[in-house]
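**Student:** Just one file: work-v6.tsv, with TSV, C-alpha atoms.
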chain	number	residue	atom	x	y	z
I	30	MET	CA	72.82	44.56	-65.59
I	31	ILE	CA	74.33	41.78	-67.66
I	32	LEU	CA	77.48	42.05	-65.52
I	33	LEU	CA	75.40	41.48	-62.40
I	34	TYR	CA	73.84	38.36	-63.93
I	35	ALA	CA	77.35	37.23	-64.88
I	36	LEU	CA	78.55	37.67	-61.31
I	37	ILE	CA	75.57	35.80	-59.86
I	38	THR	CA	75.93	32.96	-62.38
I	39	GLY	CA	79.65	32.78	-61.61
I	40	ILE	CA	79.01	32.72	-57.85
I	41	LEU	CA	76.52	29.87	-58.21
I	42	PHE	CA	78.91	27.99	-60.51
I	43	GLY	CA	81.77	28.55	-58.04
I	44	MET	CA	79.61	27.21	-55.21
I	45	LEU	CA	78.74	24.09	-57.21
I	46	LEU	CA	82.36	23.55	-58.27
I	47	GLN	CA	83.50	23.84	-54.66
I	48	LYS	CA	80.69	21.69	-53.29
I	49	GLY	CA	81.30	19.11	-56.02
I	50	GLU	CA	84.99	19.06	-54.98
I	51	VAL	CA	85.89	19.74	-58.59
I	52	VAL	CA	88.24	22.59	-57.62
I	53	HIS	CA	90.65	20.28	-55.76
I	54	TYR	CA	94.03	19.37	-57.25
I	55	GLU	CA	93.54	15.85	-55.87
I	56	LYS	CA	90.29	15.41	-57.83
I	57	GLN	CA	91.69	16.83	-61.06
I	58	ILE	CA	94.88	14.79	-60.99
I	59	GLY	CA	92.99	11.84	-59.47
I	60	ALA	CA	90.87	11.78	-62.63
I	61	LEU	CA	93.87	12.02	-64.94
I	62	ARG	CA	95.58	9.21	-63.00
I	63	LEU	CA	92.31	7.26	-63.46
I	64	LEU	CA	91.88	6.83	-59.70
I	65	ASP	CA	88.88	9.07	-59.00
I	66	MET	CA	86.29	10.03	-61.61
I	67	THR	CA	84.59	12.81	-59.58
I	68	ILE	CA	85.30	15.58	-62.09
I	69	PHE	CA	84.08	13.49	-65.02
I	70	LYS	CA	80.87	12.57	-63.17
I	71	PHE	CA	80.31	16.27	-62.47
I	72	MET	CA	81.15	17.43	-65.97
I	73	LEU	CA	79.30	14.72	-67.90
I	74	THR	CA	76.14	15.10	-65.78
I	75	ALA	CA	76.20	18.87	-66.42
I	76	ILE	CA	76.70	18.20	-70.13
I	77	ALA	CA	73.78	15.73	-70.28
I	78	VAL	CA	71.38	18.18	-68.58
I	79	GLY	CA	72.65	21.11	-70.65
I	80	MET	CA	72.30	19.11	-73.86
I	81	VAL	CA	68.60	18.39	-73.31
I	82	GLY	CA	67.92	22.00	-72.31
I	83	PHE	CA	69.86	23.63	-75.13
I	84	TYR	CA	68.30	21.44	-77.84
I	85	LEU	CA	64.79	21.97	-76.42
I	86	LEU	CA	65.42	25.74	-76.55
I	87	HIS	CA	66.82	25.31	-80.04
I	88	ASP	CA	63.74	23.43	-81.28
I	89	LEU	CA	61.06	25.39	-79.41
I	90	GLN	CA	62.51	28.90	-79.22
I	91	GLY	CA	64.93	28.99	-82.14
I	92	LEU	CA	68.00	29.35	-79.91
I	93	VAL	CA	71.13	29.68	-82.05
I	94	LEU	CA	73.73	27.17	-80.85
I	95	PRO	CA	77.31	28.50	-81.08
I	96	THR	CA	78.74	25.45	-82.83
I	97	ARG	CA	82.54	25.69	-83.05
I	98	THR	CA	84.50	25.69	-86.28
I	99	ILE	CA	86.48	22.51	-86.71
I	100	SER	CA	90.18	23.10	-87.23
I	101	LEU	CA	91.92	19.80	-86.66
I	102	GLY	CA	95.28	21.57	-86.29
I	103	ASN	CA	94.02	23.92	-83.57
I	104	ASN	CA	91.74	21.41	-81.86
I	105	ILE	CA	94.22	18.52	-81.74
I	106	ILE	CA	97.52	20.34	-81.16
I	107	GLY	CA	95.96	22.94	-78.85
I	108	GLY	CA	94.04	20.20	-77.03
I	109	LEU	CA	97.18	18.12	-76.48
I	110	ILE	CA	99.19	21.14	-75.26
I	111	PHE	CA	96.34	21.96	-72.85
I	112	GLY	CA	96.26	18.38	-71.57
I	113	ILE	CA	99.99	18.30	-70.84
I	114	GLY	CA	99.78	21.62	-68.99
I	115	TRP	CA	96.63	20.53	-67.12
I	116	ALA	CA	98.37	17.44	-65.72
I	117	ILE	CA	101.39	19.49	-64.60
I	118	PHE	CA	99.42	22.44	-63.16
I	119	GLY	CA	96.53	20.38	-61.78
I	120	TYR	CA	93.81	22.92	-62.59
I	121	CYS	CA	91.99	24.27	-65.62
I	122	PRO	CA	91.36	28.01	-66.11
I	123	GLY	CA	87.89	28.00	-64.48
I	124	THR	CA	88.67	25.77	-61.50
I	125	SER	CA	91.90	27.65	-60.72
I	126	TRP	CA	89.81	30.68	-59.63
I	127	GLY	CA	87.67	28.45	-57.43
I	128	ALA	CA	90.78	26.90	-55.89
I	129	ILE	CA	92.18	30.33	-54.99
I	130	GLY	CA	88.78	31.17	-53.49
I	131	GLU	CA	88.99	28.27	-51.07
I	132	GLY	CA	92.48	29.23	-49.93
I	133	ARG	CA	94.79	27.35	-52.28
I	134	PHE	CA	97.00	30.39	-52.65
I	135	GLY	CA	99.78	28.41	-54.31
I	136	VAL	CA	97.55	28.44	-57.39
I	137	LEU	CA	98.31	32.17	-57.81
I	138	VAL	CA	101.63	31.09	-59.33
I	139	GLY	CA	99.52	29.44	-62.01
I	140	THR	CA	97.62	32.69	-62.56
I	141	LEU	CA	100.97	34.34	-63.30
I	142	GLY	CA	101.84	31.44	-65.59
I	143	MET	CA	98.55	31.81	-67.46
I	144	ILE	CA	99.04	35.56	-67.86
I	145	SER	CA	102.57	34.95	-69.19
I	146	GLY	CA	101.25	32.23	-71.50
I	147	GLY	CA	98.59	34.65	-72.75
I	148	ILE	CA	101.20	37.32	-73.52
I	149	PHE	CA	103.31	34.70	-75.31
I	150	TYR	CA	100.33	33.43	-77.31
I	151	GLY	CA	99.55	36.99	-78.44
I	152	GLU	CA	103.06	37.13	-79.93
I	153	ILE	CA	103.04	33.74	-81.67
I	154	TYR	CA	99.43	34.08	-82.90
I	155	PRO	CA	100.32	35.33	-86.42
I	156	LEU	CA	102.52	32.26	-86.90
I	157	ILE	CA	99.86	29.87	-85.54
I	158	SER	CA	97.04	31.39	-87.57
I	159	SER	CA	98.97	31.03	-90.82
I	160	THR	CA	100.06	27.44	-90.13
I	161	ILE	CA	98.34	25.18	-87.56
I	162	SER	CA	94.97	26.96	-87.81
I	163	THR	CA	94.75	26.23	-91.53
I	164	TRP	CA	95.13	22.46	-91.13
I	165	GLY	CA	91.93	20.44	-91.49
I	166	VAL	CA	89.34	23.23	-91.36
I	167	TYR	CA	85.82	21.88	-91.84
I	168	GLY	CA	83.49	24.66	-90.71
I	169	GLN	CA	80.89	24.66	-87.93
I	170	ILE	CA	79.70	21.08	-87.83
I	171	SER	CA	77.62	19.43	-85.13
I	172	LEU	CA	77.49	15.72	-84.44
I	173	PRO	CA	73.91	15.32	-85.78
I	174	GLN	CA	74.98	17.02	-89.04
I	175	LEU	CA	78.06	14.84	-89.32
I	176	MET	CA	76.10	11.65	-88.78
I	177	GLY	CA	73.05	12.80	-90.72
I	178	VAL	CA	70.57	11.91	-87.97
I	179	SER	CA	68.25	13.87	-85.70
I	180	HIS	CA	69.76	15.20	-82.46
I	181	TRP	CA	66.91	13.45	-80.64
I	182	ILE	CA	68.50	10.14	-81.65
I	183	ILE	CA	71.98	11.14	-80.50
I	184	ILE	CA	70.98	12.74	-77.18
I	185	PRO	CA	69.18	9.69	-75.68
I	186	LEU	CA	72.01	7.42	-76.86
I	187	PHE	CA	74.55	9.77	-75.28
I	188	ILE	CA	72.65	9.75	-71.98
I	189	LEU	CA	72.23	5.97	-72.10
I	190	GLY	CA	75.98	5.61	-72.69
I	191	LEU	CA	76.67	7.89	-69.71
I	192	GLY	CA	74.37	5.74	-67.57
I	193	PHE	CA	76.45	2.66	-68.34
I	194	LEU	CA	79.69	4.59	-67.82
I	195	PHE	CA	78.55	5.92	-64.42
I	196	ARG	CA	77.40	2.45	-63.35
I	197	TRP	CA	80.81	1.11	-64.26
I	198	PHE	CA	82.55	3.95	-62.34
I	199	GLU	CA	80.47	3.15	-59.23
I	200	LYS	CA	81.06	-0.59	-59.55
I	201	LYS	CA	84.79	-0.03	-59.73
I	202	GLY	CA	84.65	2.49	-56.88
I	203	LEU	CA	86.25	5.17	-59.03
O	12	MET	CA	84.68	-0.42	-52.08
O	13	LYS	CA	83.39	3.08	-51.37
O	14	LYS	CA	79.68	3.59	-51.04
O	15	CYS	CA	78.04	5.48	-53.86
O	16	ASN	CA	78.60	9.21	-53.57
O	17	TYR	CA	75.87	11.13	-55.36
O	18	ASN	CA	77.46	14.53	-54.76
O	19	PRO	CA	79.18	15.00	-58.16
O	20	TYR	CA	76.00	13.95	-59.99
O	21	ILE	CA	73.83	16.40	-58.04
O	22	THR	CA	76.23	19.34	-58.26
O	23	GLY	CA	76.88	18.50	-61.92
O	24	GLY	CA	73.15	18.31	-62.69
O	25	LEU	CA	72.55	21.65	-60.97
O	26	THR	CA	75.40	23.10	-63.03
O	27	GLY	CA	73.59	21.89	-66.17
O	28	ILE	CA	70.42	23.69	-65.04
O	29	LEU	CA	72.46	26.83	-64.27
O	30	MET	CA	73.95	26.69	-67.80
O	31	ILE	CA	70.45	26.54	-69.28
O	32	PHE	CA	69.17	29.46	-67.20
O	33	SER	CA	72.21	31.53	-68.11
O	34	VAL	CA	71.32	31.09	-71.77
O	35	ILE	CA	67.61	31.78	-71.20
O	36	ILE	CA	68.24	34.96	-69.21
O	37	THR	CA	71.32	36.49	-70.83
O	38	ASN	CA	72.02	34.29	-73.89
O	39	LYS	CA	75.50	33.57	-72.50
O	40	PHE	CA	77.15	30.17	-72.69
O	41	PHE	CA	79.77	29.13	-70.12
O	42	GLY	CA	83.46	29.65	-70.83
O	43	SER	CA	86.41	30.62	-68.67
O	44	SER	CA	89.61	31.01	-70.65
O	45	SER	CA	89.06	34.14	-72.70
O	46	ALA	CA	88.54	36.16	-69.50
O	47	LEU	CA	92.22	35.55	-68.86
O	48	MET	CA	93.13	37.07	-72.22
O	49	ARG	CA	91.25	40.19	-71.19
O	50	MET	CA	93.38	40.34	-68.04
O	51	VAL	CA	96.48	39.93	-70.21
O	52	ILE	CA	95.39	42.80	-72.46
O	53	GLY	CA	94.62	44.96	-69.43
O	54	ILE	CA	98.07	44.31	-67.96
O	55	GLU	CA	99.96	44.75	-71.23
O	56	ASN	CA	98.06	47.98	-71.85
O	57	ILE	CA	99.71	49.47	-68.76
O	58	PHE	CA	103.16	48.84	-70.21
O	59	SER	CA	102.65	49.38	-73.92
O	60	SER	CA	99.21	50.19	-75.26
O	61	GLU	CA	100.74	50.66	-78.71
O	62	HIS	CA	101.98	47.10	-78.76
O	63	VAL	CA	98.54	45.83	-77.74
O	64	ALA	CA	96.85	47.91	-80.43
O	65	GLN	CA	99.08	46.38	-83.11
O	66	ASN	CA	98.63	42.80	-81.95
O	67	THR	CA	96.34	40.89	-84.31
O	68	TYR	CA	95.21	38.43	-81.64
O	69	PHE	CA	94.40	41.00	-78.97
O	70	LYS	CA	92.32	42.95	-81.50
O	71	MET	CA	89.85	40.07	-81.52
O	72	PHE	CA	88.86	40.77	-77.92
O	73	SER	CA	86.39	43.60	-78.20
O	74	ARG	CA	86.06	46.24	-75.53
O	75	PRO	CA	85.14	46.77	-72.74
O	76	LEU	CA	87.64	44.47	-71.08
O	77	ILE	CA	85.28	43.77	-68.19
O	78	ASP	CA	82.61	41.72	-69.92
O	79	TRP	CA	80.23	38.89	-69.03
O	80	GLN	CA	82.92	36.23	-68.82
O	81	PHE	CA	85.23	38.40	-66.73
O	82	MET	CA	82.55	38.86	-64.08
O	83	PHE	CA	81.69	35.17	-64.39
O	84	VAL	CA	85.20	34.07	-63.33
O	85	VAL	CA	85.21	36.68	-60.54
O	86	GLY	CA	82.00	34.98	-59.43
O	87	ILE	CA	83.65	31.52	-59.46
O	88	PHE	CA	86.25	32.86	-57.02
O	89	VAL	CA	83.62	34.47	-54.75
O	90	GLY	CA	81.23	31.49	-54.85
O	91	SER	CA	83.97	29.02	-53.99
O	92	ALA	CA	85.13	31.26	-51.12
O	93	ILE	CA	81.56	31.56	-49.72
O	94	ILE	CA	80.95	27.80	-49.69
O	95	SER	CA	84.37	26.94	-48.32
O	96	PHE	CA	83.78	29.35	-45.41
O	97	LEU	CA	80.26	28.00	-44.84
O	98	VAL	CA	81.29	24.34	-44.77
O	99	LYS	CA	84.61	25.26	-43.14
O	100	SER	CA	86.76	23.65	-45.80
O	101	PHE	CA	88.66	26.90	-46.42
O	102	LYS	CA	92.31	26.09	-45.95
O	103	LYS	CA	95.43	28.04	-46.80
O	104	GLU	CA	97.60	25.75	-48.82
O	105	SER	CA	100.59	26.40	-51.02
O	106	ILE	CA	101.38	22.83	-52.14
O	107	PRO	CA	98.69	20.19	-52.84
O	108	PRO	CA	99.11	17.12	-50.55
O	109	MET	CA	99.20	14.69	-53.50
O	110	TRP	CA	102.04	16.67	-55.04
O	111	LYS	CA	103.86	16.83	-51.68
O	112	GLU	CA	103.70	13.08	-51.28
O	113	ARG	CA	105.31	12.56	-54.68
O	114	PHE	CA	107.75	15.47	-54.96
O	115	GLY	CA	108.35	16.64	-51.39
O	116	SER	CA	107.56	19.96	-49.76
O	117	SER	CA	109.77	22.24	-51.83
O	118	PHE	CA	107.62	25.23	-52.79
O	119	SER	CA	109.99	26.37	-55.54
O	120	LYS	CA	109.72	22.98	-57.23
O	121	ARG	CA	105.91	23.15	-57.17
O	122	ALA	CA	105.94	26.81	-58.24
O	123	ILE	CA	108.11	26.08	-61.29
O	124	ALA	CA	105.84	23.21	-62.31
O	125	ALA	CA	102.64	25.24	-61.73
O	126	PHE	CA	104.03	28.14	-63.75
O	127	PHE	CA	105.17	25.96	-66.64
O	128	GLY	CA	101.97	23.89	-66.59
O	129	SER	CA	99.64	26.87	-66.50
O	130	PHE	CA	101.68	28.55	-69.25
O	131	LEU	CA	100.90	25.54	-71.47
O	132	VAL	CA	97.27	25.43	-70.27
O	133	ILE	CA	96.43	28.88	-71.56
O	134	ILE	CA	98.33	28.42	-74.85
O	135	GLY	CA	96.47	25.15	-75.44
O	136	ALA	CA	93.13	26.66	-74.45
O	137	ARG	CA	93.49	29.68	-76.72
O	138	MET	CA	94.81	27.63	-79.63
O	139	SER	CA	92.03	25.04	-79.42
O	140	GLY	CA	89.46	27.76	-78.75
O	141	GLY	CA	88.36	26.88	-75.23
O	142	CYS	CA	88.90	25.10	-71.94
O	143	PRO	CA	86.90	22.43	-70.09
O	144	SER	CA	84.16	25.06	-69.58
O	145	GLY	CA	83.91	26.42	-73.11
O	146	HIS	CA	84.67	23.22	-74.99
O	147	GLY	CA	83.69	20.72	-72.32
O	148	LEU	CA	80.51	22.02	-70.74
O	149	THR	CA	79.25	24.24	-73.56
O	150	GLY	CA	80.72	22.74	-76.74
O	151	VAL	CA	79.98	19.10	-76.01
O	152	SER	CA	76.47	19.82	-74.74
O	153	ILE	CA	75.59	21.52	-78.03
O	154	LEU	CA	77.16	18.50	-79.80
O	155	SER	CA	79.89	20.54	-81.47
O	156	VAL	CA	82.28	18.13	-83.22
O	157	ALA	CA	85.27	20.44	-82.71
O	158	SER	CA	84.63	20.32	-78.95
O	159	PHE	CA	84.42	16.52	-78.84
O	160	ILE	CA	87.79	16.31	-80.62
O	161	THR	CA	89.34	18.92	-78.32
O	162	LEU	CA	87.98	17.44	-75.09
O	163	ILE	CA	89.26	13.99	-76.08
O	164	CYS	CA	92.71	15.50	-76.76
O	165	PHE	CA	92.65	17.29	-73.37
O	166	CYS	CA	92.00	13.95	-71.69
O	167	ILE	CA	94.46	11.83	-73.69
O	168	ALA	CA	97.37	14.23	-73.12
O	169	GLY	CA	96.30	14.80	-69.50
O	170	VAL	CA	96.09	11.09	-68.66
O	171	VAL	CA	99.40	10.25	-70.36
O	172	THR	CA	101.22	13.18	-68.71
O	173	ALA	CA	99.76	12.48	-65.25
O	174	HIS	CA	100.84	8.84	-65.53
O	175	ILE	CA	104.37	9.86	-66.51
O	176	ILE	CA	104.59	12.38	-63.63
O	177	TYR	CA	103.19	9.99	-61.02
O	178	LYS	CA	104.84	6.87	-62.40
O	179	GLY	CA	104.97	3.99	-59.98
O	180	LYS	CA	102.71	5.63	-57.38
O	181	ARG	CA	99.26	4.10	-57.07
O	182	SER	CA	98.02	5.46	-53.77
O	183	ILE	CA	96.16	8.75	-53.29
Please go through the file and, once you have read it, give me the structure as structure tokens.
**Tutor:**
Amino acid sequence: MILLYALITGILFGMLLQKGEVVHYEKQIGALRLLDMTIFKFMLTAIAVGMVGFYLLHDLQGLVLPTRTISLGNNIIGGLIFGIGWAIFGYCPGTSWGAIGEGRFGVLVGTLGMISGGIFYGEIYPLISSTISTWGVYGQISLPQLMGVSHWIIIPLFILGLGFLFRWFEKKGL
Amino acid sequence: MKKCNYNPYITGGLTGILMIFSVIITNKFFGSSSALMRMVIGIENIFSSEHVAQNTYFKMFSRPLIDWQFMFVVGIFVGSAIISFLVKSFKKESIPPMWKERFGSSFSKRAIAAFFGSFLVIIGARMSGGCPSGHGLTGVSILSVASFITLICFCIAGVVTAHIIYKGKRSI
């Protein structure tokens, strides 16, 4: 049953990604070349809505939020490696499936690349986990904890900031 | 100047609502990159199940291999295909036009770059613990500091690399 829900959720997400044009190479690279902010508008709007919903569920229903463990080594080095690859490939793992779905069959080469990268990562994992992963580990910390303020102060400020950012994007025609 | 296009805000907002419902109904947060590791394990199992069983990283992915996230990425493929057929934007394409304009129409050149790039993508995603779905959509919306740091690194390296690759070209 849970697999059926997963499939339906995925289908709806795929539809929204395609309709939002987020699955296009031109939009992904357009954003990284700072020419077209479509994917950031999409992503940040989703984040803003999700943020309000998740924290309401957290406060009212006791939803446990899966806050990630900070490991500066993993987060920074892994993040930078991802970014370099993203700009060369032109897709992220999720959008690559959507791109294949709309006929961008060239992306299948990237699927092979990701599978090979996954096999490689499995082999180097012991080395990474004993080195990079141990650098700057700070536990599962959220922004409200770090700043020592209520999340209901951070969330409205975040949304207000996004409002200004989006207005600036639209003014600049990005 | 282009006129304001509300499309990414609407589709993005609906995605936010979908994320919330997913958590309400199945307690599952969005993420896309660990599904690929399950594919990797499935494939490696065919060749050497012993090797997979000994691998410390692969052990972290509990069975069954076909889990929530696996079906979720299958859904992304299906959903994108459905809409692209409905709005007739389905198009077979082996090289993105923007790439073609910069690097020409050699498929092998694009294939080498796509392979190398995606190889780095999955290493970076697994090392940092997520991709723009897991860290971006989920991690940032729950205000996870690790995800803010990671997403910023994705963008810095992505912007710098894209500018190096497309140096001197300003037109789309």
**Student:** Using all atoms listed in the file, which of the listed residues (I:Glu55, I:Leu64, I:Gly91, I:Pro122) sits closest to I:Ile144?
**Tutor:**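 Closest to I:Ile144, using all atoms listed in the file: I:Pro122.
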**Student:** If we count only C-alpha atoms, what is near O:Gly145 at a cut-off of 10 Å, once residues fewer than 5 positions away on the same chain are taken out, given as a PyMOL selection string?
**Tutor:** (chain I and resi 123) or (chain O and resi 40-45+136+140+150-151+158)
**Student:** Which residues, written as a list in words, have at least one atom at most 12 Å from I:Asp88, with all atoms listed in the file counted and residues fewer than 6 positions away on the same chain left out?
**Tutor:**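 Once the nearby chain positions are removed, what remains is Val81, Gly82, Leu94, Ser179, His180 and Trp181 of chain I.
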**Student:** Output C-alpha atoms for every residue in the selection just made, as a PDB file, keeping the file's coordinate frame.
**Tutor:**
ATOM      1  CA  VAL I  81      68.600  18.390 -73.310  1.00  0.00           C
ATOM      2  CA  GLY I  82      67.920  22.000 -72.310  1.00  0.00           C
ATOM      3  CA  LEU I  94      73.730  27.170 -80.850  1.00  0.00           C
ATOM      4  CA  SER I 179      68.250  13.870 -85.700  1.00  0.00           C
ATOM      5  CA  HIS I 180      69.760  15.200 -82.460  1.00  0.00           C
ATOM      6  CA  TRP I 181      66.910  13.450 -80.640  1.00  0.00           C
TER       7      TRP I 181
END
**Student:** Taking all atoms listed in the file into account, name the residue in O:Gln65, O:Thr172, O:Ser152, O:Thr161 that is nearest to I:Ile188.
**Tutor:**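 Residue with the minimum atom-to-atom distance to I:Ile188: O:Ser152.
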**Student:** Which of these, I:Lys56, I:His87, I:Arg196, I:Arg62, has the shortest distance to chain O once you count all atoms listed in the file?
**Tutor:** I:Arg62
**Student:** I'd like the interatomic distance between atom CA of I:Ala128 and atom CA of O:Ser129, to a tenth of an Å.
**Tutor:** 13.8 Å
**Student:** If I take atom CA of O:Arg113 and atom CA of I:Val138, how far is one from the other in Å, to one decimal?
**Tutor:**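 Going from atom CA of O:Arg113 over to atom CA of I:Val138 covers 19.5 Å.
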**Student:** Measuring atom to atom with all atoms listed in the file, identify which of I:Gly49, I:Gly165, I:Gly135, I:Gly151 is nearest to O:Pro108.
**Tutor:**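 Selected residue with least distance to O:Pro108: I:Gly135.
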**Student:** Expressed in Å to a single decimal, how great is the separation between atom CA of I:Gln57 and atom CA of I:Gly102?
**Tutor:** 25.9 Å
**Student:** Find, counting only C-alpha atoms, the residue in I:Pro155, I:Gly59, I:Gly112, I:Gly177 that gets nearest to chain O.
**Tutor:**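 Answer, going by the shortest atom-to-atom distance: I:Gly112.
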**Student:** For stretch 61-76 of chain O, I'd like the enclosing box, axis-aligned and padded by 4 Å on every side, reported as JSON with centre and edge lengths in Å to one decimal.
**Tutor:**
{"center_x": 93.6, "center_y": 44.5, "center_z": -77.7, "size_x": 24.8, "size_y": 20.2, "size_z": 21.2}
**Student:** Looking at all atoms listed in the file, which of O:Ser59, O:Ser73, O:Ser144, O:Ser117 is the one that sits closest to chain I?
**Tutor:** O:Ser144
**Student:** So which residues are close to (106.8, 24.7, -60.7), meaning at most 12 Å away in the file's coordinates with all atoms listed in the file counted, and can you show them as a compact mmCIF listing (two decimals) with C-alpha atoms, keeping the file's coordinate frame?
**Tutor:**
# COMPACT_ATOMS: atom_id res chain seq x y z
CA GLY I 114 99.78 21.62 -68.99
CA ILE I 117 101.39 19.49 -64.60
CA PHE I 118 99.42 22.44 -63.16
CA GLY I 119 96.53 20.38 -61.78
CA GLY I 135 99.78 28.41 -54.31
CA VAL I 136 97.55 28.44 -57.39
CA LEU I 137 98.31 32.17 -57.81
CA VAL I 138 101.63 31.09 -59.33
CA GLY I 139 99.52 29.44 -62.01
CA LEU I 141 100.97 34.34 -63.30
CA GLY I 142 101.84 31.44 -65.59
CA SER O 105 100.59 26.40 -51.02
CA ILE O 106 101.38 22.83 -52.14
CA TRP O 110 102.04 16.67 -55.04
CA PHE O 114 107.75 15.47 -54.96
CA SER O 116 107.56 19.96 -49.76
CA SER O 117 109.77 22.24 -51.83
CA PHE O 118 107.62 25.23 -52.79
CA SER O 119 109.99 26.37 -55.54
CA LYS O 120 109.72 22.98 -57.23
CA ARG O 121 105.91 23.15 -57.17
CA ALA O 122 105.94 26.81 -58.24
CA ILE O 123 108.11 26.08 -61.29
CA ALA O 124 105.84 23.21 -62.31
CA ALA O 125 102.64 25.24 -61.73
CA PHE O 126 104.03 28.14 -63.75
CA PHE O 127 105.17 25.96 -66.64
CA GLY O 128 101.97 23.89 -66.59
CA SER O 129 99.64 26.87 -66.50
CA PHE O 130 101.68 28.55 -69.25
**Student:** Could you give me, as a PyMOL selection string, the residues that have an atom at most 10 Å away from the point (83.5, 6.1, -61.3) in the coordinates of the file, using all atoms listed in the file?
**Tutor:** (chain I and resi 60+63-70+194-203) or (chain O and resi 15-16)
**Student:** I'd like the contact shell of O:Glu104 - 7 Å cut-off, only C-alpha atoms, skipping same-chain residues fewer than 5 positions apart - returned as a list in words.
**Tutor:**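 Within the cut-off, the hits are Gly132, Arg133, Phe134 and Gly135 of chain I.
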**Student:** Taking the partial coordinates given, rebuild stretch 93-105 of chain O to contain N, CA and C atoms; return it as a PDB file, in the frame of the given file.
**Tutor:**
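The new file part.pdb reads:
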ATOM      1  N   ILE O  93      82.749  31.567 -50.595  1.00  0.00           N
ATOM      2  CA  ILE O  93      81.560  31.560 -49.720  1.00  0.00           C
ATOM      3  C   ILE O  93      81.302  30.145 -49.199  1.00  0.00           C
ATOM      4  N   ILE O  94      81.240  29.171 -50.119  1.00  0.00           N
ATOM      5  CA  ILE O  94      80.950  27.800 -49.690  1.00  0.00           C
ATOM      6  C   ILE O  94      82.052  27.249 -48.793  1.00  0.00           C
ATOM      7  N   SER O  95      83.299  27.520 -49.140  1.00  0.00           N
ATOM      8  CA  SER O  95      84.370  26.940 -48.320  1.00  0.00           C
ATOM      9  C   SER O  95      84.380  27.520 -46.911  1.00  0.00           C
ATOM     10  N   PHE O  96      83.913  28.783 -46.756  1.00  0.00           N
ATOM     11  CA  PHE O  96      83.780  29.350 -45.410  1.00  0.00           C
ATOM     12  C   PHE O  96      82.584  28.717 -44.691  1.00  0.00           C
ATOM     13  N   LEU O  97      81.472  28.559 -45.439  1.00  0.00           N
ATOM     14  CA  LEU O  97      80.260  28.000 -44.840  1.00  0.00           C
ATOM     15  C   LEU O  97      80.482  26.566 -44.353  1.00  0.00           C
ATOM     16  N   VAL O  98      81.104  25.736 -45.175  1.00  0.00           N
ATOM     17  CA  VAL O  98      81.290  24.340 -44.770  1.00  0.00           C
ATOM     18  C   VAL O  98      82.652  24.139 -44.081  1.00  0.00           C
ATOM     19  N   LYS O  99      83.334  25.264 -43.853  1.00  0.00           N
ATOM     20  CA  LYS O  99      84.610  25.260 -43.140  1.00  0.00           C
ATOM     21  C   LYS O  99      85.671  24.377 -43.807  1.00  0.00           C
ATOM     22  N   SER O 100      85.691  24.388 -45.146  1.00  0.00           N
ATOM     23  CA  SER O 100      86.760  23.650 -45.800  1.00  0.00           C
ATOM     24  C   SER O 100      87.825  24.620 -46.333  1.00  0.00           C
ATOM     25  N   PHE O 101      87.649  25.923 -46.012  1.00  0.00           N
ATOM     26  CA  PHE O 101      88.660  26.900 -46.420  1.00  0.00           C
ATOM     27  C   PHE O 101      89.974  26.554 -45.735  1.00  0.00           C
ATOM     28  N   LYS O 102      91.014  26.462 -46.525  1.00  0.00           N
ATOM     29  CA  LYS O 102      92.310  26.090 -45.950  1.00  0.00           C
ATOM     30  C   LYS O 102      93.411  26.740 -46.756  1.00  0.00           C
ATOM     31  N   LYS O 103      94.286  27.477 -46.090  1.00  0.00           N
ATOM     32  CA  LYS O 103      95.430  28.040 -46.800  1.00  0.00           C
ATOM     33  C   LYS O 103      96.375  26.904 -47.153  1.00  0.00           C
ATOM     34  N   GLU O 104      96.740  26.845 -48.409  1.00  0.00           N
ATOM     35  CA  GLU O 104      97.600  25.750 -48.820  1.00  0.00           C
ATOM     36  C   GLU O 104      98.448  26.208 -49.998  1.00  0.00           C
ATOM     37  N   SER O 105      99.747  25.964 -49.905  1.00  0.00           N
ATOM     38  CA  SER O 105     100.590  26.400 -51.020  1.00  0.00           C
ATOM     39  C   SER O 105     100.987  25.224 -51.904  1.00  0.00           C
TER      40      SER O 105
END
